[in-house]
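Peer 1: I'd like to ask you about the structure that follows.
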Amino acid sequence: MEKLEYNLCAHPFFAGLDNSFATLAVSCAQDAHFGAGEFIFHEGEAADHFYLVREGRVALQIAAPGRGPATFLTVGPGEVFGVNWLASPYRWSYDARAIAPTLAVALNAACLRQKCESDPALGYALTKRVLPVLIERLHACRVQLLDLYGARS
Amino acid sequence: MSLKPTAIDARSGAPADVPKLCYVRKRRHDAPDAWTLEIEFAESVPFSYTPGQFNMLTAFGVGESAISISGPPGQGRLIHTIRDVGPVSHALTRLAPNDPVGVRGPFGVGWPMATAEGQDVVIVAGGLGLAPLRPAIYHILSRREHFGDVWLLYGARRPEDILYRSEIEEWRKKGHIDVNITVDHAGMDWPGHVGVVTGLLSHVNMDVSRTIAMLCGPEVMMRFVAASLTEKGLGVGRIFLSMERNMKCAIGHCGHCQLGPAFICRDGPVFTFERMGPLMSVKEL
Ligand SMILES: Cc1cc2nc3c(=O)[nH]c(=O)nc-3n(C[C@H](O)[C@H](O)[C@H](O)COP(=O)(O)OP(=O)(O)OC[C@H]3O[C@@H](n4cnc5c(N)ncnc54)[C@H](O)[C@@H]3O)c2cc1C
Ligand code: FES
């Protein structure tokens, strides 16, 4: 198995995915590395990649005028970021910045979307993997909004 | 008219419902809204406690609050970390060295330290929940070779709310405790995790047949962490959590702290999730 294919298949996001799907996905993939402090993408730009983190840590941030960037989530090894690739208008709604030297597999979003369009079974298999991530993050976001550690009202 | 008999402190023979006079000896600012007090008895009295127990502290003229003992066992002084949330806790956190304070206790059933020996231990703390777990961590450190792998997963609101920062570094380096901290929100200068504490569980490589979990923090957090642990296969009898309810007598008389059939002050505050899980999901309790 090629190194890139191995990196993709070894990532928990792709665990158990049918081999033929993995082969399709790998044709859209490339290895990526980012230095500590490097921006991976900025809010408002086209969501052109979907990232599987292998090593390091990436901060997802929103900048507020006068307050600087605030990190709302960090993702590390075994996790993914950039799920905007799956839903129109395919734009980033936050910034992503490596806060430690980071290795990832970057999947080209247009390529992946095209593969999903032409093979709905692949599309469904990937959607089933993205949805739990979204549900978990939505739940985490609700818990953070509850401000559990803050002062009791 | 018949009066209820006064509860007697088994160690000193003194009434357990009368505070003993103590003095604050040190006060340290630990987080924006939390202070740690070192307290000494006015007269030398026998006082021993186990990790996870609590005292009732009196701010004279204001009132009394349940506060966990957060210092290492076997110290001459009592250590309490208190968050300023209302009148009593505010008055307690304003006390300065040599100010008087009342102490009743120790009360309750603490962490299962004997059961945890020979096991791996996952400690999950949220916010001020690290305070009642600190004596358990010190106990583990003092008998480190009797415990397997130990993880501390700690969630705080912001980096500046993290308690006992310099100690945590020592626990990591010298105590071989695998420490992972996450915060809900952070700025650019925070290099650590951001997100909910349940997310840190992926860092724990748990053998569910030999692991004990100890949880303390907001009840919602404990519910979610306990659910994630059981999803990973950890038995509900292996998950221990410290419960909080409003307390008055702390000796099982008044019923203020009652949760279903359990009195948190007397039967807890530490319970198994096996016992608390069904009660925690009853909204009316
Ligand atoms: C076993 C036990 C151990 C505790 N350990 C600590 C500790 O180590 N450090 C610490 O700072 N606090 C601890 N607490 C909580 C502490 O007892 C309360 O925060 C304190 O009594 C609040 O009193 P107050 O007069 O300052 O505020 P109040 O005016 O009584 O309360 C302020 C707000 O907090 C809520 N509240 C009060 N008490 C509780 C409670 N027990 N559970 C949930 N909500 C409550 C009230 O509803 C109100 O919204 C512990 C509680 C228990 C039961
Ligand atoms: S506080 Fe009175 S019974 Fe528990």
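Residues are referred to by chain and number: the chain letter is A, B, ... according to the order shown in the structure tokens, the number counts from 1 in that chain, and ligands are numbered separately from 1 in the order shown.
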Taking only C-alpha atoms and all ligand atoms into account, which residues have an atom no farther than 6 Å from ligand 2? I'd like them as number ranges by chain.
Peer 2: B: 247-257, 263-265
Peer 1: Write the residues of the selection above to a file with C-alpha atoms, as an mmCIF file, in the first residue's frame.
Peer 2:
data_model
loop_
_atom_site.group_PDB
_atom_site.id
_atom_site.type_symbol
_atom_site.label_atom_id
_atom_site.label_comp_id
_atom_site.auth_asym_id
_atom_site.auth_seq_id
_atom_site.Cartn_x
_atom_site.Cartn_y
_atom_site.Cartn_z
ATOM 1 C CA MET B 247 -26.700 21.464 52.751
ATOM 2 C CA LYS B 248 -27.735 22.589 56.194
ATOM 3 C CA CYS B 249 -27.021 20.061 58.959
ATOM 4 C CA ALA B 250 -24.507 17.857 57.069
ATOM 5 C CA ILE B 251 -25.234 15.030 59.518
ATOM 6 C CA GLY B 252 -28.270 13.376 57.981
ATOM 7 C CA HIS B 253 -30.932 15.151 60.103
ATOM 8 C CA CYS B 254 -32.597 17.878 58.062
ATOM 9 C CA GLY B 255 -33.141 16.309 54.631
ATOM 10 C CA HIS B 256 -31.978 19.417 52.721
ATOM 11 C CA CYS B 257 -29.475 17.423 50.685
ATOM 12 C CA PHE B 263 -28.640 11.853 51.752
ATOM 13 C CA ILE B 264 -25.703 13.455 49.961
ATOM 14 C CA CYS B 265 -24.113 14.641 53.228
#
Peer 1: Show me a table, sorted first by chain and then by increasing residue number, of the residues of chain B having an atom at most 7 Å from chain A, each with its shortest atom pair and the distance in Å to one decimal, counting only C-alpha atoms and written as CSV.
Peer 2:
residue,atom,partner,partner_atom,distance
B:Val85,CA,A:Ala151,CA,6.3
B:Gly126,CA,A:Tyr149,CA,6.9
B:Gly127,CA,A:Tyr149,CA,5.1
B:Ala156,CA,A:Tyr149,CA,6.5
B:Arg157,CA,A:Tyr149,CA,5.7
B:Asp184,CA,A:Gln144,CA,6.0
B:His185,CA,A:Phe72,CA,5.6
B:Ala186,CA,A:Thr71,CA,5.3
B:Gly187,CA,A:Ala70,CA,4.9
B:Met188,CA,A:Pro69,CA,6.6
B:Pro191,CA,A:Ile99,CA,6.4
B:His193,CA,A:Thr74,CA,5.6
B:Val194,CA,A:Leu73,CA,4.7
B:Gly195,CA,A:Leu73,CA,5.1
B:Val196,CA,A:Ala140,CA,6.0
B:Pro218,CA,A:Leu148,CA,6.3
Peer 1: May I have the residues within 8 Å of B:Arg223 as a VMD selection string, using only C-alpha atoms and disregarding those fewer than 3 positions away in the same chain?
Peer 2: chain B and resid 219 to 220 226 to 227 277 280
Peer 1: Write the residues of the selection above to a file with N, CA, C and O atoms, as a compact mmCIF listing (two decimals), in the first residue's frame.
Peer 2:
# COMPACT_ATOMS: atom_id res chain seq x y z
N GLU B 219 -22.87 18.98 37.46
CA GLU B 219 -23.56 17.69 37.31
C GLU B 219 -23.78 17.31 35.84
O GLU B 219 -23.65 16.15 35.46
N VAL B 220 -24.07 18.31 35.01
CA VAL B 220 -24.29 18.03 33.58
C VAL B 220 -23.01 17.44 32.98
O VAL B 220 -23.03 16.47 32.22
N ALA B 226 -19.72 10.43 32.35
CA ALA B 226 -20.08 9.07 32.76
C ALA B 226 -20.69 8.31 31.58
O ALA B 226 -20.38 7.13 31.37
N ALA B 227 -21.51 9.00 30.78
CA ALA B 227 -22.11 8.33 29.61
C ALA B 227 -21.03 7.94 28.62
O ALA B 227 -21.05 6.82 28.08
N GLY B 277 -26.73 7.39 38.67
CA GLY B 277 -27.20 7.53 37.28
C GLY B 277 -28.71 7.60 37.18
O GLY B 277 -29.26 8.56 36.64
N MET B 280 -29.94 10.87 38.69
CA MET B 280 -29.54 12.10 37.98
C MET B 280 -30.44 12.36 36.78
O MET B 280 -30.54 13.49 36.31
Peer 1: Taking only C-alpha atoms and all ligand atoms and a cut-off of 8 Å, can you tell me which residues surround ligand 1, written as a PyMOL selection string?
Peer 2: (chain A and resi 151-153) or (chain B and resi 34+53-55+63-70+80-91+108+128-129+131-132+242-247+257+264-265+268-269)
Peer 1: Could you list, as a short mmCIF file (atom, residue, chain, number, x, y, z; two decimals) with all heavy atoms, in the first residue's frame, every residue within 7 Å of stretch 166-179 of chain B, counting only C-alpha atoms and ignoring same-chain residues fewer than 5 positions away?
Peer 2:
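Saved to out.cif:
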data_model
loop_
_atom_site.label_atom_id
_atom_site.label_comp_id
_atom_site.auth_asym_id
_atom_site.auth_seq_id
_atom_site.Cartn_x
_atom_site.Cartn_y
_atom_site.Cartn_z
N LEU B 141 -0.19 10.14 44.67
CA LEU B 141 1.22 10.49 44.55
C LEU B 141 2.03 9.91 45.71
O LEU B 141 3.17 9.49 45.53
CB LEU B 141 1.40 12.02 44.49
CG LEU B 141 0.87 12.71 43.24
CD1 LEU B 141 1.03 14.22 43.34
CD2 LEU B 141 1.59 12.20 41.99
N VAL B 150 -2.29 6.63 35.54
CA VAL B 150 -3.23 7.62 36.08
C VAL B 150 -3.35 8.78 35.09
O VAL B 150 -2.34 9.31 34.62
CB VAL B 150 -2.73 8.17 37.45
CG1 VAL B 150 -3.72 9.20 38.01
CG2 VAL B 150 -2.52 7.03 38.45
N TRP B 151 -4.59 9.10 34.75
CA TRP B 151 -4.85 10.23 33.86
C TRP B 151 -5.63 11.30 34.62
O TRP B 151 -6.54 10.97 35.38
CB TRP B 151 -5.73 9.81 32.68
CG TRP B 151 -5.08 8.89 31.69
CD1 TRP B 151 -4.36 9.24 30.59
CD2 TRP B 151 -5.14 7.46 31.68
NE1 TRP B 151 -3.96 8.11 29.91
CE2 TRP B 151 -4.42 7.02 30.56
CE3 TRP B 151 -5.72 6.50 32.53
CZ2 TRP B 151 -4.26 5.67 30.24
CZ3 TRP B 151 -5.56 5.16 32.22
CH2 TRP B 151 -4.84 4.76 31.09
N LEU B 152 -5.27 12.54 34.37
CA LEU B 152 -6.09 13.64 34.87
C LEU B 152 -6.60 14.41 33.65
O LEU B 152 -5.81 14.94 32.86
CB LEU B 152 -5.27 14.58 35.77
CG LEU B 152 -5.97 15.91 36.13
CD1 LEU B 152 -7.26 15.68 36.92
CD2 LEU B 152 -5.03 16.83 36.91
N LEU B 153 -7.91 14.44 33.48
CA LEU B 153 -8.53 15.21 32.41
C LEU B 153 -9.26 16.36 33.09
O LEU B 153 -10.12 16.14 33.94
CB LEU B 153 -9.52 14.35 31.61
CG LEU B 153 -9.03 12.97 31.17
CD1 LEU B 153 -10.12 12.23 30.41
CD2 LEU B 153 -7.78 13.09 30.31
#
Peer 1: Do a neighbour search on A:Leu103 at 9 Å with only C-alpha atoms, toss out local chain neighbours closer than 3 positions, and write the hits as a PyMOL selection string.
Peer 2: chain A and resi 31-34+52-57+77
Peer 1: What's the 12 Å shell around B:Leu279, counting only C-alpha atoms, without same-chain residues fewer than 2 positions away, as a list in words?
Peer 2: Glu219, Arg223, Met243, Gln258, Leu259, Gly260, Pro261, Ala262, Phe271, Thr272, Phe273, Glu274, Arg275, Met276, Gly277, Ser281, Val282, Lys283, Glu284 and Leu285 of chain B
Peer 1: Using atom CA of A:Leu107 and atom CA of A:Gln30 as the two end points, give the distance in Å to one decimal.
Peer 2: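 Spanning atom CA of A:Leu107 to atom CA of A:Gln30 is a straight-line distance of 6.5 Å.
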Peer 1: Can you list every residue in stretch 77-161 of chain B that DSSP puts in alpha helix (DSSP H), as a list in words?
Peer 2: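 Taking stretch 77-161 of chain B and keeping alpha helix (DSSP H) gives Pro87, Val88, Ser89, His90, Ala91, Leu92, Thr93, Arg94, Met113, Ala114, Thr115, Ala116, Leu130, Ala131, Pro132, Leu133, Arg134, Pro135, Ala136, Ile137, Tyr138, His139, Ile140, Leu141 and Ser142 of chain B.
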